[in-house]
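Trainee: Below is the file coords.cif, which contains mmCIF, C-alpha atoms.
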data_target
loop_
_atom_site.label_atom_id
_atom_site.label_comp_id
_atom_site.auth_asym_id
_atom_site.auth_seq_id
_atom_site.Cartn_x
_atom_site.Cartn_y
_atom_site.Cartn_z
CA MET A 1 -0.73 1.09 28.16
CA THR A 2 1.59 2.14 25.36
CA ALA A 3 0.56 2.14 21.71
CA GLY A 4 2.90 -0.79 21.08
CA ALA A 5 1.48 -2.84 23.95
CA ALA A 6 -2.06 -2.26 22.70
CA LEU A 7 -1.35 -3.92 19.36
CA GLY A 8 -1.87 -7.46 20.51
CA ALA A 9 0.15 -10.52 19.56
CA ALA A 10 0.50 -12.41 16.30
CA THR A 11 2.75 -15.22 15.16
CA VAL A 12 4.24 -16.30 11.86
CA ARG A 13 2.23 -19.10 10.25
CA ALA A 14 4.55 -19.96 7.33
CA ARG A 15 7.59 -18.70 5.44
CA VAL A 16 7.63 -19.68 1.77
CA PRO A 17 10.62 -18.92 -0.52
CA VAL A 18 9.71 -17.75 -4.02
CA ASP A 19 11.53 -16.24 -6.99
CA LEU A 20 9.91 -12.96 -8.04
CA HIS A 21 10.00 -12.06 -11.72
CA ARG A 22 8.67 -8.59 -10.84
CA ALA A 23 11.61 -8.09 -8.46
CA ALA A 24 14.38 -8.80 -10.98
CA GLY A 25 14.19 -12.53 -10.27
CA ARG A 26 15.21 -12.09 -6.63
CA THR A 27 14.39 -14.82 -4.15
CA ALA A 28 12.08 -13.57 -1.43
CA GLU A 29 10.08 -14.99 1.45
CA LEU A 30 6.31 -14.78 1.54
CA VAL A 31 5.23 -14.73 5.17
CA THR A 32 1.75 -15.49 6.51
CA PHE A 33 0.47 -14.85 10.03
CA ARG A 34 -1.81 -16.11 12.77
CA GLY A 35 -3.62 -13.82 15.18
CA LEU A 36 -3.82 -10.60 13.15
CA PRO A 37 -6.43 -8.13 14.40
CA ASP A 38 -8.69 -8.49 11.35
CA ASP A 39 -9.79 -11.31 9.04
CA GLY A 40 -7.70 -10.26 6.03
CA GLU A 41 -5.20 -12.77 4.65
CA HIS A 42 -2.44 -10.15 4.64
CA LEU A 43 0.99 -11.13 3.36
CA ALA A 44 4.54 -9.95 3.94
CA CYS A 45 7.13 -10.20 1.19
CA LEU A 46 10.68 -10.09 2.57
CA VAL A 47 13.52 -9.37 0.15
CA PRO A 48 17.07 -9.69 1.53
CA PRO A 49 19.31 -8.13 2.52
CA ARG A 50 17.41 -5.80 4.83
CA ASP A 51 18.81 -2.82 6.69
CA THR A 52 18.54 -4.13 10.24
CA ARG A 53 18.36 -0.59 11.66
CA ALA A 54 15.51 0.76 9.51
CA PRO A 55 14.55 -1.41 6.53
CA LEU A 56 12.69 -0.09 3.52
CA VAL A 57 8.98 -0.91 3.87
CA ARG A 58 6.08 -0.50 1.47
CA LEU A 59 2.44 -0.91 2.54
CA HIS A 60 0.55 -1.85 -0.61
CA SER A 61 -3.22 -2.20 -0.58
CA GLU A 62 -4.55 -4.95 -2.82
CA CYS A 63 -5.87 -3.79 -6.19
CA LEU A 64 -6.91 -6.70 -8.37
CA THR A 65 -7.78 -4.47 -11.31
CA GLY A 66 -4.45 -2.65 -11.27
CA ASP A 67 -2.03 -5.20 -9.82
CA VAL A 68 -3.22 -8.21 -11.86
CA PHE A 69 -5.13 -6.93 -14.88
CA GLY A 70 -3.07 -3.78 -15.44
CA SER A 71 -5.96 -1.31 -15.34
CA THR A 72 -4.89 2.21 -16.27
CA ARG A 73 -7.58 3.82 -14.08
CA CYS A 74 -5.22 3.94 -11.09
CA ASP A 75 -1.50 3.89 -10.30
CA CYS A 76 -1.56 0.74 -8.14
CA GLY A 77 0.14 -1.66 -10.56
CA PRO A 78 3.01 0.73 -11.34
CA GLN A 79 3.43 1.48 -7.63
CA LEU A 80 3.68 -2.24 -6.88
CA ASP A 81 6.29 -2.69 -9.62
CA GLU A 82 8.22 0.35 -8.38
CA ALA A 83 8.28 -1.00 -4.83
CA LEU A 84 9.43 -4.46 -5.92
CA ASN A 85 12.14 -2.96 -8.11
CA LEU A 86 13.43 -0.89 -5.17
CA LEU A 87 13.33 -3.89 -2.86
CA ALA A 88 15.27 -5.91 -5.44
CA VAL A 89 18.07 -3.35 -5.14
CA HIS A 90 17.93 -2.38 -1.47
CA GLY A 91 16.11 -5.24 0.22
CA GLY A 92 13.25 -4.70 2.61
CA VAL A 93 9.63 -5.63 3.15
CA LEU A 94 6.42 -5.24 1.18
CA LEU A 95 3.19 -5.76 3.11
CA TYR A 96 0.44 -6.78 0.72
CA LEU A 97 -2.74 -5.76 2.52
CA ARG A 98 -6.13 -7.15 1.53
CA GLN A 99 -7.85 -3.75 1.40
CA GLU A 100 -9.39 -3.69 -2.06
CA GLY A 101 -10.95 -0.36 -3.01
CA ARG A 102 -9.57 1.45 0.06
CA GLY A 103 -11.29 -1.11 2.23
CA ILE A 104 -14.73 -1.30 0.54
CA GLY A 105 -14.17 -4.50 -1.46
CA LEU A 106 -13.87 -5.40 -5.12
CA TYR A 107 -17.54 -5.38 -6.10
CA ASN A 108 -18.15 -2.05 -4.40
CA LYS A 109 -15.05 -0.63 -6.06
CA LEU A 110 -16.33 -1.61 -9.49
CA ASP A 111 -19.68 -0.02 -8.62
CA THR A 112 -17.86 3.24 -7.89
CA TYR A 113 -16.17 3.06 -11.29
CA LEU A 114 -19.59 3.62 -12.86
CA LEU A 115 -20.02 6.77 -10.77
CA GLN A 116 -16.51 7.91 -11.68
CA ASP A 117 -17.41 7.52 -15.36
CA ARG A 118 -20.04 10.23 -14.75
CA GLY A 119 -17.49 12.64 -13.30
CA THR A 120 -17.43 11.76 -9.60
CA ASP A 121 -13.97 11.47 -8.06
CA THR A 122 -12.78 8.25 -6.45
CA PHE A 123 -13.34 9.39 -2.85
CA GLU A 124 -16.78 10.92 -3.38
CA ALA A 125 -17.87 7.82 -5.30
CA ASN A 126 -17.17 5.75 -2.19
CA ARG A 127 -19.35 8.08 -0.15
CA LEU A 128 -22.18 7.96 -2.68
CA ILE A 129 -22.53 4.20 -2.23
CA GLY A 130 -22.69 4.66 1.53
CA ARG A 131 -19.08 3.83 2.40
CA GLY A 132 -16.20 5.85 3.79
CA ALA A 133 -13.93 7.75 1.45
CA ASP A 134 -11.03 5.64 2.76
CA GLU A 135 -11.82 2.82 5.19
CA ARG A 136 -8.31 1.42 5.47
CA ASP A 137 -6.88 0.72 8.90
CA TYR A 138 -3.19 -0.06 9.33
CA LEU A 139 -3.30 -1.78 12.72
CA ALA A 140 -2.74 -5.18 11.05
CA ALA A 141 0.25 -3.73 9.19
CA ALA A 142 1.78 -2.52 12.44
CA VAL A 143 1.22 -5.93 14.06
CA MET A 144 2.85 -7.63 11.06
CA LEU A 145 5.90 -5.40 11.32
CA ARG A 146 6.27 -5.99 15.04
CA THR A 147 5.84 -9.75 14.57
CA LEU A 148 8.71 -9.63 12.08
CA GLY A 149 10.79 -7.77 14.67
CA LEU A 150 10.60 -4.46 12.82
CA HIS A 151 9.99 -1.46 15.06
CA ARG A 152 11.80 1.23 13.07
CA VAL A 153 11.39 1.53 9.29
CA ARG A 154 11.85 3.73 6.27
CA LEU A 155 8.42 3.98 4.67
CA LEU A 156 7.88 4.23 0.91
CA THR A 157 4.67 6.24 0.54
CA ASN A 158 3.02 9.48 -0.54
CA ASN A 159 0.14 8.94 1.89
CA PRO A 160 0.48 10.81 5.19
CA ASP A 161 -2.28 8.69 6.74
CA LYS A 162 -0.06 5.61 6.58
CA VAL A 163 2.66 7.49 8.44
CA ARG A 164 0.21 8.84 11.03
CA GLN A 165 -1.44 5.49 11.69
CA LEU A 166 1.78 3.48 11.93
CA ARG A 167 3.26 5.99 14.34
CA GLY A 168 0.04 5.89 16.35
CA HIS A 169 0.49 2.12 16.62
CA GLY A 170 4.04 2.45 17.91
CA ILE A 171 6.09 2.03 14.72
CA ASP A 172 9.00 4.46 14.45
CA ILE A 173 9.12 5.99 10.95
CA ALA A 174 12.77 6.94 10.54
CA GLU A 175 12.25 8.35 7.04
CA THR A 176 9.49 8.73 4.48
CA LEU A 177 10.48 8.12 0.87
CA PRO A 178 8.13 9.25 -1.92
CA THR A 179 6.89 6.96 -4.63
CA GLY A 180 6.90 8.15 -8.23
CA VAL A 181 3.92 9.80 -9.88
CA HIS A 182 2.79 7.28 -12.47
CA LEU A 183 0.63 9.61 -14.52
CA THR A 184 -1.25 8.39 -17.59
CA PRO A 185 -4.17 9.89 -19.52
CA GLY A 186 -6.38 7.26 -17.89
CA ASN A 187 -5.50 8.03 -14.28
CA ALA A 188 -4.99 11.81 -14.31
CA ALA A 189 -8.32 12.54 -12.58
CA TYR A 190 -7.62 9.79 -10.04
CA LEU A 191 -4.22 11.26 -9.16
CA GLU A 192 -5.66 14.76 -8.93
CA ALA A 193 -8.23 13.44 -6.43
CA LYS A 194 -5.44 11.85 -4.39
CA ALA A 195 -3.54 15.14 -4.36
CA ARG A 196 -6.64 17.01 -3.17
CA SER A 197 -7.12 14.44 -0.42
CA GLY A 198 -3.67 15.19 1.02
CA HIS A 199 -1.36 12.72 -0.70
CA HIS A 200 2.09 14.18 -1.33
CA LEU A 201 2.69 13.66 -5.04
CA PRO A 202 6.25 14.61 -6.00
CA VAL A 203 6.84 16.09 -9.44
CA ARG A 204 9.52 14.26 -11.39
CA GLY A 205 9.34 16.26 -14.61
CA PRO A 206 6.74 17.66 -17.05
CA GLU A 207 5.44 14.19 -17.88
CA THR A 208 4.51 13.52 -14.24
CA GLU A 209 2.93 16.80 -13.23
CA VAL A 210 -0.32 16.51 -11.34
CA ARG A 211 -2.56 19.50 -10.73
CA ALA A 212 -3.42 19.70 -7.03
#
Using structure tokens, write down the structure that the file contains.
Mentor:
Amino acid sequence: MTAGAALGAATVRARVPVDLHRAAGRTAELVTFRGLPDDGEHLACLVPPRDTRAPLVRLHSECLTGDVFGSTRCDCGPQLDEALNLLAVHGGVLLYLRQEGRGIGLYNKLDTYLLQDRGTDTFEANRLIGRGADERDYLAAAVMLRTLGLHRVRLLTNNPDKVRQLRGHGIDIAETLPTGVHLTPGNAAYLEAKARSGHHLPVRGPETEVRA
């Protein structure tokens, strides 16, 4: 059995048009699914026009603290805005994946913040509460892409694990495009931990340098 055949089947549940202020007012479709391989209420945001050969795709893991409340402890909110701004120009797809705290959940994530305040990095804090450093699985993302008819994509990411997992699930990654490094005084340690873990963090100038 091929990797693609092993993914299982899903169907589109609903397509809802919305105007997105965070994507320059562009009209997009929010797409929900039936039959995904986990219980997460994952969402696809489709912004036209899309490159039919290899559309731009961003896998964004939910981060309530960063995406909604604008926490400066991470770079999640700025990465979401960056992705939506790029999709507003080029079109493409954002998969909003319900994987709070790298898969450990919101309450557990906030527990790890207390450990991080004592000097523990974000990955080790997950381990100290008895969870994996990164528990995210991208099988659902691959199923969502295939359900949308997308088998070959250009992936916006600095995380090599997303590339590895999607390819392992039969998605052809035609190109990997780096996200910016959204460095602030509040998230410097967080970004350094991501760099140590293997994330490719491009340097865009002195203000975005991250020590690996």
Trainee: On this file, the PyMOL selection byres ((chain A and resi 110-121) around 12) gives some set of residues; write that set as an MDAnalysis selection string.
Mentor: chainID A and resid 63:65 71 73:74 100:102 104:109 122:131 133 186:197
Trainee: Counting all atoms listed in the file, which of A:Thr52, A:Ser61, A:Asn85, A:Thr11 gets nearest to Arg26 (chain A)?
Mentor: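 Selected residue with least distance to Arg26 (chain A): A:Asn85.
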Trainee: Within 9 Å of (-8.2, 2.3, 6.4), in the coordinates the file gives, what residues turn up when you count all atoms listed in the file, written out as number ranges by chain?
Mentor: A: 99, 102-103, 134-139, 161-162
Trainee: Check the smallest atom-to-atom distance from each of A:Thr157, A:Gly25, A:Val31, A:His151 to His199 (chain A) using all atoms listed in the file, then report the winner.
Mentor: A:Thr157
Trainee: If the PyMOL selection byres ((chain A and resi 93) around 6) is run on the structure shown, which residues does it catch, given as JSON, numbers by chain?
Mentor: {"A": [45, 46, 57, 92, 94]}
Trainee: Which residue is closest to Ala140 (chain A)? Choose from A:Ala24, A:Val181, A:Leu95, A:Leu84 and count all atoms listed in the file.
Mentor: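 Smallest separation from Ala140 (chain A) among the options: A:Leu95.
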Trainee: Pull out every residue that the PyMOL selection byres ((chain A and resi 13) around 9) matches in the shown coordinates and put them as a count of residues only.
Mentor: 8
Trainee: Write out as a PyMOL selection string each polymer residue whose atoms come within 10 Å of Glu82 (chain A), counting all atoms listed in the file; drop sequence neighbours fewer than 5 positions from it.
Mentor: chain A and resi 22-23+76-77+87-88+179-180+182
Trainee: When distances are computed from all atoms listed in the file, which of A:Arg154, A:Arg146, A:Arg98, A:His42 shows the smallest separation from His169 (chain A)?
Mentor: A:Arg146
Trainee: So how many Å separate CA of Thr184 (chain A) and CA of Ala83 (chain A), to one decimal?
Mentor: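 One can read the CA of Thr184 (chain A) to CA of Ala83 (chain A) distance as 18.5 Å.
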Trainee: Within 8 Å of Ala54 (chain A), counting all atoms listed in the file, which residues show up once you throw out same-chain ones fewer than 3 positions away? Write them as a list in words, please.
Mentor: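 Residues near the query, excluding close chain neighbours: Asp51, Leu150, Arg152, Val153, Arg154 and Ala174 of chain A.
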Trainee: Could you work out how far CA of Ala28 (chain A) lies from CA of Pro160 (chain A), giving the answer in Å with one decimal?
Mentor: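 CA of Pro160 (chain A) sits 27.8 Å away from CA of Ala28 (chain A).
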Trainee: Just need region 118-168 of chain A in a file, please: N, CA and C atoms, as a JSON list (two decimals), in the first residue's frame.
Mentor:
[["chain", "number", "residue", "atom", "x", "y", "z"],
["A", 118, "ARG", "N", 11.03, 29.82, 34.96],
["A", 118, "ARG", "CA", 12.16, 29.46, 35.81],
["A", 118, "ARG", "C", 13.40, 29.09, 35.00],
["A", 119, "GLY", "N", 13.33, 29.26, 33.68],
["A", 119, "GLY", "CA", 14.51, 29.05, 32.86],
["A", 119, "GLY", "C", 14.49, 27.80, 31.99],
["A", 120, "THR", "N", 13.42, 27.02, 32.05],
["A", 120, "THR", "CA", 13.32, 25.82, 31.21],
["A", 120, "THR", "C", 12.87, 26.21, 29.82],
["A", 121, "ASP", "N", 13.44, 25.58, 28.78],
["A", 121, "ASP", "CA", 13.00, 25.96, 27.44],
["A", 121, "ASP", "C", 11.68, 25.28, 27.11],
["A", 122, "THR", "N", 11.05, 25.71, 26.03],
["A", 122, "THR", "CA", 9.69, 25.29, 25.70],
["A", 122, "THR", "C", 9.56, 23.79, 25.47],
["A", 123, "PHE", "N", 10.59, 23.15, 24.91],
["A", 123, "PHE", "CA", 10.52, 21.72, 24.64],
["A", 123, "PHE", "C", 10.73, 20.91, 25.92],
["A", 124, "GLU", "N", 11.72, 21.30, 26.72],
["A", 124, "GLU", "CA", 11.99, 20.58, 27.95],
["A", 124, "GLU", "C", 10.85, 20.75, 28.94],
["A", 125, "ALA", "N", 10.18, 21.90, 28.91],
["A", 125, "ALA", "CA", 9.03, 22.11, 29.80],
["A", 125, "ALA", "C", 7.93, 21.10, 29.49],
["A", 126, "ASN", "N", 7.71, 20.82, 28.22],
["A", 126, "ASN", "CA", 6.73, 19.79, 27.86],
["A", 126, "ASN", "C", 7.11, 18.44, 28.46],
["A", 127, "ARG", "N", 8.38, 18.11, 28.39],
["A", 127, "ARG", "CA", 8.83, 16.82, 28.91],
["A", 127, "ARG", "C", 8.66, 16.76, 30.43],
["A", 128, "LEU", "N", 8.91, 17.87, 31.10],
["A", 128, "LEU", "CA", 8.85, 17.89, 32.56],
["A", 128, "LEU", "C", 7.43, 17.67, 33.09],
["A", 129, "ILE", "N", 6.42, 17.94, 32.28],
["A", 129, "ILE", "CA", 5.06, 17.65, 32.73],
["A", 129, "ILE", "C", 4.59, 16.30, 32.20],
["A", 130, "GLY", "N", 5.52, 15.51, 31.67],
["A", 130, "GLY", "CA", 5.20, 14.16, 31.25],
["A", 130, "GLY", "C", 4.64, 14.04, 29.84],
["A", 131, "ARG", "N", 4.87, 15.04, 29.01],
["A", 131, "ARG", "CA", 4.40, 15.01, 27.63],
["A", 131, "ARG", "C", 5.58, 15.03, 26.68],
["A", 132, "GLY", "N", 5.31, 14.79, 25.40],
["A", 132, "GLY", "CA", 6.37, 14.83, 24.40],
["A", 132, "GLY", "C", 6.79, 16.25, 24.11],
["A", 133, "ALA", "N", 8.04, 16.41, 23.69],
["A", 133, "ALA", "CA", 8.51, 17.75, 23.34],
["A", 133, "ALA", "C", 7.67, 18.37, 22.24],
["A", 134, "ASP", "N", 7.25, 17.55, 21.27],
["A", 134, "ASP", "CA", 6.37, 18.00, 20.19],
["A", 134, "ASP", "C", 5.52, 16.81, 19.79],
["A", 135, "GLU", "N", 4.24, 16.85, 20.13],
["A", 135, "GLU", "CA", 3.34, 15.72, 19.89],
["A", 135, "GLU", "C", 2.52, 15.88, 18.61],
["A", 136, "ARG", "N", 2.84, 16.85, 17.80],
["A", 136, "ARG", "CA", 2.01, 17.10, 16.62],
["A", 136, "ARG", "C", 2.20, 16.02, 15.56],
["A", 137, "ASP", "N", 1.09, 15.64, 14.97],
["A", 137, "ASP", "CA", 1.07, 14.69, 13.86],
["A", 137, "ASP", "C", 0.35, 15.37, 12.70],
["A", 138, "TYR", "N", 0.90, 15.24, 11.50],
["A", 138, "TYR", "CA", 0.35, 15.96, 10.36],
["A", 138, "TYR", "C", -0.40, 15.06, 9.38],
["A", 139, "LEU", "N", -0.83, 13.88, 9.86],
["A", 139, "LEU", "CA", -1.65, 13.02, 9.01],
["A", 139, "LEU", "C", -2.94, 13.71, 8.62],
["A", 140, "ALA", "N", -3.62, 14.34, 9.58],
["A", 140, "ALA", "CA", -4.88, 15.05, 9.27],
["A", 140, "ALA", "C", -4.64, 16.13, 8.23],
["A", 141, "ALA", "N", -3.51, 16.83, 8.33],
["A", 141, "ALA", "CA", -3.21, 17.88, 7.35],
["A", 141, "ALA", "C", -3.06, 17.29, 5.96],
["A", 142, "ALA", "N", -2.38, 16.16, 5.86],
["A", 142, "ALA", "CA", -2.22, 15.51, 4.55],
["A", 142, "ALA", "C", -3.57, 15.08, 3.99],
["A", 143, "VAL", "N", -4.44, 14.53, 4.85],
["A", 143, "VAL", "CA", -5.77, 14.11, 4.41],
["A", 143, "VAL", "C", -6.57, 15.32, 3.94],
["A", 144, "MET", "N", -6.47, 16.44, 4.66],
["A", 144, "MET", "CA", -7.18, 17.65, 4.26],
["A", 144, "MET", "C", -6.72, 18.11, 2.88],
["A", 145, "LEU", "N", -5.42, 18.12, 2.66],
["A", 145, "LEU", "CA", -4.90, 18.55, 1.36],
["A", 145, "LEU", "C", -5.41, 17.65, 0.25],
["A", 146, "ARG", "N", -5.34, 16.34, 0.47],
["A", 146, "ARG", "CA", -5.79, 15.41, -0.57],
["A", 146, "ARG", "C", -7.29, 15.54, -0.82],
["A", 147, "THR", "N", -8.07, 15.78, 0.23],
["A", 147, "THR", "CA", -9.51, 15.97, 0.07],
["A", 147, "THR", "C", -9.81, 17.20, -0.76],
["A", 148, "LEU", "N", -8.95, 18.21, -0.66],
["A", 148, "LEU", "CA", -9.11, 19.43, -1.45],
["A", 148, "LEU", "C", -8.53, 19.27, -2.86],
["A", 149, "GLY", "N", -7.99, 18.10, -3.16],
["A", 149, "GLY", "CA", -7.41, 17.85, -4.47],
["A", 149, "GLY", "C", -6.00, 18.36, -4.63],
["A", 150, "LEU", "N", -5.32, 18.58, -3.50],
["A", 150, "LEU", "CA", -3.96, 19.14, -3.54],
["A", 150, "LEU", "C", -2.96, 18.04, -3.19],
["A", 151, "HIS", "N", -2.17, 17.67, -4.18],
["A", 151, "HIS", "CA", -1.18, 16.61, -4.00],
["A", 151, "HIS", "C", 0.25, 17.13, -4.10],
["A", 152, "ARG", "N", 0.40, 18.34, -4.63],
["A", 152, "ARG", "CA", 1.72, 18.95, -4.80],
["A", 152, "ARG", "C", 1.62, 20.40, -4.35],
["A", 153, "VAL", "N", 2.46, 20.81, -3.41],
["A", 153, "VAL", "CA", 2.31, 22.14, -2.81],
["A", 153, "VAL", "C", 3.67, 22.79, -2.61],
["A", 154, "ARG", "N", 3.62, 24.10, -2.44],
["A", 154, "ARG", "CA", 4.77, 24.86, -1.94],
["A", 154, "ARG", "C", 4.47, 25.18, -0.49],
["A", 155, "LEU", "N", 5.35, 24.75, 0.41],
["A", 155, "LEU", "CA", 5.06, 24.80, 1.84],
["A", 155, "LEU", "C", 5.80, 25.95, 2.50],
["A", 156, "LEU", "N", 5.04, 26.79, 3.20],
["A", 156, "LEU", "CA", 5.61, 27.92, 3.94],
["A", 156, "LEU", "C", 5.91, 27.45, 5.36],
["A", 157, "THR", "N", 7.19, 27.22, 5.65],
["A", 157, "THR", "CA", 7.56, 26.70, 6.97],
["A", 157, "THR", "C", 9.06, 26.80, 7.20],
["A", 158, "ASN", "N", 9.43, 26.85, 8.47],
["A", 158, "ASN", "CA", 10.83, 26.68, 8.88],
["A", 158, "ASN", "C", 11.04, 25.35, 9.59],
["A", 159, "ASN", "N", 9.99, 24.54, 9.65],
["A", 159, "ASN", "CA", 10.02, 23.31, 10.45],
["A", 159, "ASN", "C", 10.22, 22.10, 9.54],
["A", 160, "PRO", "N", 11.38, 21.48, 9.58],
["A", 160, "PRO", "CA", 11.62, 20.32, 8.69],
["A", 160, "PRO", "C", 10.73, 19.13, 9.00],
["A", 161, "ASP", "N", 10.18, 19.05, 10.21],
["A", 161, "ASP", "CA", 9.31, 17.93, 10.54],
["A", 161, "ASP", "C", 8.01, 17.98, 9.75],
["A", 162, "LYS", "N", 7.51, 19.18, 9.47],
["A", 162, "LYS", "CA", 6.31, 19.29, 8.65],
["A", 162, "LYS", "C", 6.58, 18.76, 7.24],
["A", 163, "VAL", "N", 7.73, 19.11, 6.69],
["A", 163, "VAL", "CA", 8.10, 18.63, 5.36],
["A", 163, "VAL", "C", 8.22, 17.11, 5.37],
["A", 164, "ARG", "N", 8.93, 16.58, 6.36],
["A", 164, "ARG", "CA", 9.16, 15.13, 6.44],
["A", 164, "ARG", "C", 7.85, 14.37, 6.58],
["A", 165, "GLN", "N", 6.98, 14.83, 7.48],
["A", 165, "GLN", "CA", 5.73, 14.11, 7.69],
["A", 165, "GLN", "C", 4.80, 14.19, 6.48],
["A", 166, "LEU", "N", 4.67, 15.36, 5.87],
["A", 166, "LEU", "CA", 3.79, 15.46, 4.71],
["A", 166, "LEU", "C", 4.28, 14.58, 3.58],
["A", 167, "ARG", "N", 5.59, 14.59, 3.34],
["A", 167, "ARG", "CA", 6.13, 13.72, 2.30],
["A", 167, "ARG", "C", 5.90, 12.25, 2.64],
["A", 168, "GLY", "N", 6.03, 11.90, 3.92],
["A", 168, "GLY", "CA", 5.78, 10.54, 4.34],
["A", 168, "GLY", "C", 4.34, 10.12, 4.13]]
